[in-house]
Amino acid sequence: MGDRTVTRLEGPQEAVPGPVAEEAGQRLSRRLRTPRRPRLWFEILLIGVSYWTYSLIRNAVPEQKAEALRNADWIWRTEHQLGIAVEQSVNHAVNAVTWLIIGMNYYYATLHFVVTLGVLVWLYHSHPGRYAATRMALFATTGVALLGYYLFPLAPPRLMTGGVFVDTVRIHHTWGSMASGDLKHMSNQYAAMPSMHIGWSLWCGLTVFALAAVPWARVLGLLYPVSTLVVIVSTANHFWLDAVGGVLCLSFGFTVARAWYGALPHALPRLAPVRTGKPAWLPTKA
């Protein structure tokens with residue numbers, strides 16, 4: 001009788017084969033990037049803390065007035081060379097219509113926050129599966145803007161020397177900007193590049209355009225960033241090129257969201273997957 005080799009297995013046996021266990025690990029890793037149903041209390045806390053932190057860092061950037069004014073002169077000369085330096089004409093023309101410029105002052109001060117929060121609430125309620133990715137795009141956009149404030153201090157047109165532009169908030173005594181009048185000490189006045197009024201409004205507009213079901217809402221989504229651009233120029237709070245900076249920041253934000261979730265937010269499922277508390281690799285019962 002030939003020799004027979006008997007292999008004795010010691011210790012407890014694994015019920016999951018090696019390849020299956022490896023696949024389980026990969027799926028577990030992917031779960032970290034799977035959109036999940038947002039929790040209201042967490043989102044309120046996260047948004048509040050994030051905006052407080054953003055404001056704290058933005059206002060902690062040194063107000064480098066001399067450099068900010070030099071950069072503003074450079075931006076103004078560059079726009080003249082490009083043939084797009086029409087901010088002064090727009091500012092003076094709109095300022096001549098009192099009711100219009102006062103309305104724009106309040107638009108600048110309020111809608112920036114109201115519309116953005118409104119879109120977040122709408123996403124949370126109607127598109128929970130897309131909420132986290134879209135919120136990440138907004139947060140990444142806002143975060144990278146802080147680099148611009150630090151690396152390129154810029155005075156808004158209304159603070160340039162020579163009286164070229166009209167500070168519409170100061171002239172009309174409206175509560176229209178945290179960087180003018182009695183509130184100017186609460187905000188860094190030399191952090192105009194990039195424009196987050198454009199970054200946030202374009203985020204709102206593209207989100208509504210991509211996800212809204214009714215045509216009129218999609219049209220309003222596209223009109224919102226356009227009207228915001230007119231407002232920031234008319235009130236002399238930003239140059240055209242500040243708006244370009246805001247667009248670039250938003251592009252970065254959506255790139256981060258796409259890299260993390262594997263798709264742009266609008267391409268993700270509308271509803272978040274239901275959490276069962278069961279590991280993704282375990283088989284389900286028939």
# chains A, B, ... in the order shown; residues from 1 in each chain; ligands from 1
>>> select_by_dssp(residues="stretch 143-174 of chain A", states="alpha helix (DSSP H)", output="ChimeraX atom specification")
/A:143-151,168-172
>>> residues_around(residues="A:Arg135", least_positions_apart="3", cutoff="12 Å", atoms="only C-alpha atoms", output="number ranges by chain")
A: 35, 38, 43, 46-47, 50, 116-117, 119-124, 127-132, 138-142, 200, 203-204, 207, 250, 253-254, 256-258, 264-266
>>> closest_residue(among="A:Leu229, A:Leu159, A:Val144, A:Ile171", to="A:Leu248", atoms="only C-alpha atoms")
A:Val144
>>> residues_around(residues="A:Ser234", least_positions_apart="6", cutoff="9 Å", atoms="only C-alpha atoms", output="list in words")
Glu87, Gln88, Ser89, Val90, Asn91, His92, Ala93, Val94, Asn95, Ile101, Met104 and Thr168 of chain A
>>> write_last_selection(atoms="C-alpha atoms", output="mmCIF file, in the first residue's frame")
data_model
loop_
_atom_site.group_PDB
_atom_site.id
_atom_site.type_symbol
_atom_site.label_atom_id
_atom_site.label_comp_id
_atom_site.auth_asym_id
_atom_site.auth_seq_id
_atom_site.Cartn_x
_atom_site.Cartn_y
_atom_site.Cartn_z
ATOM 1 C CA GLU A 87 -17.267 97.495 -14.468
ATOM 2 C CA GLN A 88 -17.000 101.250 -13.941
ATOM 3 C CA SER A 89 -19.641 102.036 -16.565
ATOM 4 C CA VAL A 90 -22.003 99.396 -15.172
ATOM 5 C CA ASN A 91 -21.451 100.571 -11.599
ATOM 6 C CA HIS A 92 -22.212 104.231 -12.400
ATOM 7 C CA ALA A 93 -25.170 103.445 -14.673
ATOM 8 C CA VAL A 94 -26.947 101.199 -12.158
ATOM 9 C CA ASN A 95 -26.128 103.508 -9.260
ATOM 10 C CA ILE A 101 -29.170 99.648 -6.810
ATOM 11 C CA MET A 104 -29.070 94.903 -5.617
ATOM 12 C CA THR A 168 -23.218 101.746 -3.335
#
>>> residues_around(residues="A:Arg218", least_positions_apart="2", cutoff="12 Å", atoms="only C-alpha atoms", output="PyMOL selection string")
chain A and resi 204-216+220-224
>>> write_last_selection(atoms="N, CA, C and O atoms", output="mmCIF file, in the first residue's frame")
data_model
loop_
_atom_site.group_PDB
_atom_site.id
_atom_site.type_symbol
_atom_site.label_atom_id
_atom_site.label_comp_id
_atom_site.auth_asym_id
_atom_site.auth_seq_id
_atom_site.Cartn_x
_atom_site.Cartn_y
_atom_site.Cartn_z
ATOM 1 N N CYS A 204 -25.510 76.538 -7.068
ATOM 2 C CA CYS A 204 -26.969 76.452 -6.946
ATOM 3 C C CYS A 204 -27.605 76.304 -8.324
ATOM 4 O O CYS A 204 -28.477 75.446 -8.532
ATOM 5 N N GLY A 205 -27.186 77.140 -9.264
ATOM 6 C CA GLY A 205 -27.799 77.142 -10.573
ATOM 7 C C GLY A 205 -27.624 75.839 -11.317
ATOM 8 O O GLY A 205 -28.583 75.300 -11.895
ATOM 9 N N LEU A 206 -26.413 75.308 -11.319
ATOM 10 C CA LEU A 206 -26.157 74.046 -12.018
ATOM 11 C C LEU A 206 -26.888 72.884 -11.351
ATOM 12 O O LEU A 206 -27.389 71.979 -12.031
ATOM 13 N N THR A 207 -26.948 72.901 -10.027
ATOM 14 C CA THR A 207 -27.642 71.837 -9.304
ATOM 15 C C THR A 207 -29.127 71.832 -9.636
ATOM 16 O O THR A 207 -29.721 70.780 -9.919
ATOM 17 N N VAL A 208 -29.746 73.009 -9.592
ATOM 18 C CA VAL A 208 -31.174 73.103 -9.908
ATOM 19 C C VAL A 208 -31.415 72.740 -11.370
ATOM 20 O O VAL A 208 -32.366 72.016 -11.698
ATOM 21 N N PHE A 209 -30.567 73.224 -12.260
ATOM 22 C CA PHE A 209 -30.745 72.929 -13.685
ATOM 23 C C PHE A 209 -30.644 71.430 -13.957
ATOM 24 O O PHE A 209 -31.391 70.881 -14.764
ATOM 25 N N ALA A 210 -29.715 70.756 -13.282
ATOM 26 C CA ALA A 210 -29.503 69.330 -13.537
ATOM 27 C C ALA A 210 -30.574 68.454 -12.921
ATOM 28 O O ALA A 210 -30.884 67.384 -13.462
ATOM 29 N N LEU A 211 -31.177 68.886 -11.811
ATOM 30 C CA LEU A 211 -32.044 67.989 -11.054
ATOM 31 C C LEU A 211 -33.508 68.393 -10.996
ATOM 32 O O LEU A 211 -34.357 67.557 -10.669
ATOM 33 N N ALA A 212 -33.819 69.638 -11.284
ATOM 34 C CA ALA A 212 -35.219 70.065 -11.193
ATOM 35 C C ALA A 212 -36.063 69.380 -12.266
ATOM 36 O O ALA A 212 -35.602 69.147 -13.386
ATOM 37 N N ALA A 213 -37.295 69.092 -11.920
ATOM 38 C CA ALA A 213 -38.180 68.369 -12.843
ATOM 39 C C ALA A 213 -38.967 69.301 -13.746
ATOM 40 O O ALA A 213 -39.347 68.919 -14.856
ATOM 41 N N VAL A 214 -39.219 70.537 -13.286
ATOM 42 C CA VAL A 214 -40.050 71.451 -14.073
ATOM 43 C C VAL A 214 -39.162 72.434 -14.838
ATOM 44 O O VAL A 214 -38.155 72.916 -14.311
ATOM 45 N N PRO A 215 -39.525 72.756 -16.074
ATOM 46 C CA PRO A 215 -38.681 73.617 -16.918
ATOM 47 C C PRO A 215 -38.439 75.009 -16.336
ATOM 48 O O PRO A 215 -37.330 75.533 -16.423
ATOM 49 N N TRP A 216 -39.476 75.626 -15.730
ATOM 50 C CA TRP A 216 -39.291 76.986 -15.232
ATOM 51 C C TRP A 216 -38.262 77.042 -14.103
ATOM 52 O O TRP A 216 -37.523 78.023 -13.978
ATOM 53 N N LEU A 220 -34.795 79.259 -14.026
ATOM 54 C CA LEU A 220 -34.397 80.097 -12.901
ATOM 55 C C LEU A 220 -33.015 79.708 -12.381
ATOM 56 O O LEU A 220 -32.226 80.563 -11.963
ATOM 57 N N GLY A 221 -32.731 78.397 -12.412
ATOM 58 C CA GLY A 221 -31.414 77.945 -11.983
ATOM 59 C C GLY A 221 -30.305 78.559 -12.812
ATOM 60 O O GLY A 221 -29.257 78.954 -12.272
ATOM 61 N N LEU A 222 -30.515 78.681 -14.101
ATOM 62 C CA LEU A 222 -29.495 79.273 -14.970
ATOM 63 C C LEU A 222 -29.439 80.797 -14.823
ATOM 64 O O LEU A 222 -28.357 81.400 -14.939
ATOM 65 N N LEU A 223 -30.589 81.416 -14.563
ATOM 66 C CA LEU A 223 -30.615 82.871 -14.447
ATOM 67 C C LEU A 223 -29.985 83.366 -13.144
ATOM 68 O O LEU A 223 -29.463 84.487 -13.099
ATOM 69 N N TYR A 224 -30.024 82.538 -12.121
ATOM 70 C CA TYR A 224 -29.530 82.984 -10.813
ATOM 71 C C TYR A 224 -28.048 83.382 -10.831
ATOM 72 O O TYR A 224 -27.693 84.492 -10.395
#
>>> atom_distance(atom1="atom CA of A:Gly118", atom2="atom CA of A:Ala243")
22.1 Å
>>> closest_residue(among="A:Pro194, A:Pro153, A:Gly143, A:Gly148", to="A:Asp242", atoms="only C-alpha atoms")
A:Pro194
>>> atom_distance(atom1="atom CA of A:Asp73", atom2="atom CA of A:Ala191")
14.8 Å
>>> atom_distance(atom1="atom CA of A:Val86", atom2="atom CA of A:Ala236")
11.2 Å
>>> residues_around(residues="stretch 78-85 of chain A", least_positions_apart="3", cutoff="8 Å", atoms="only C-alpha atoms", output="JSON, numbers by chain")
{"A": [74, 75, 88, 240, 241]}
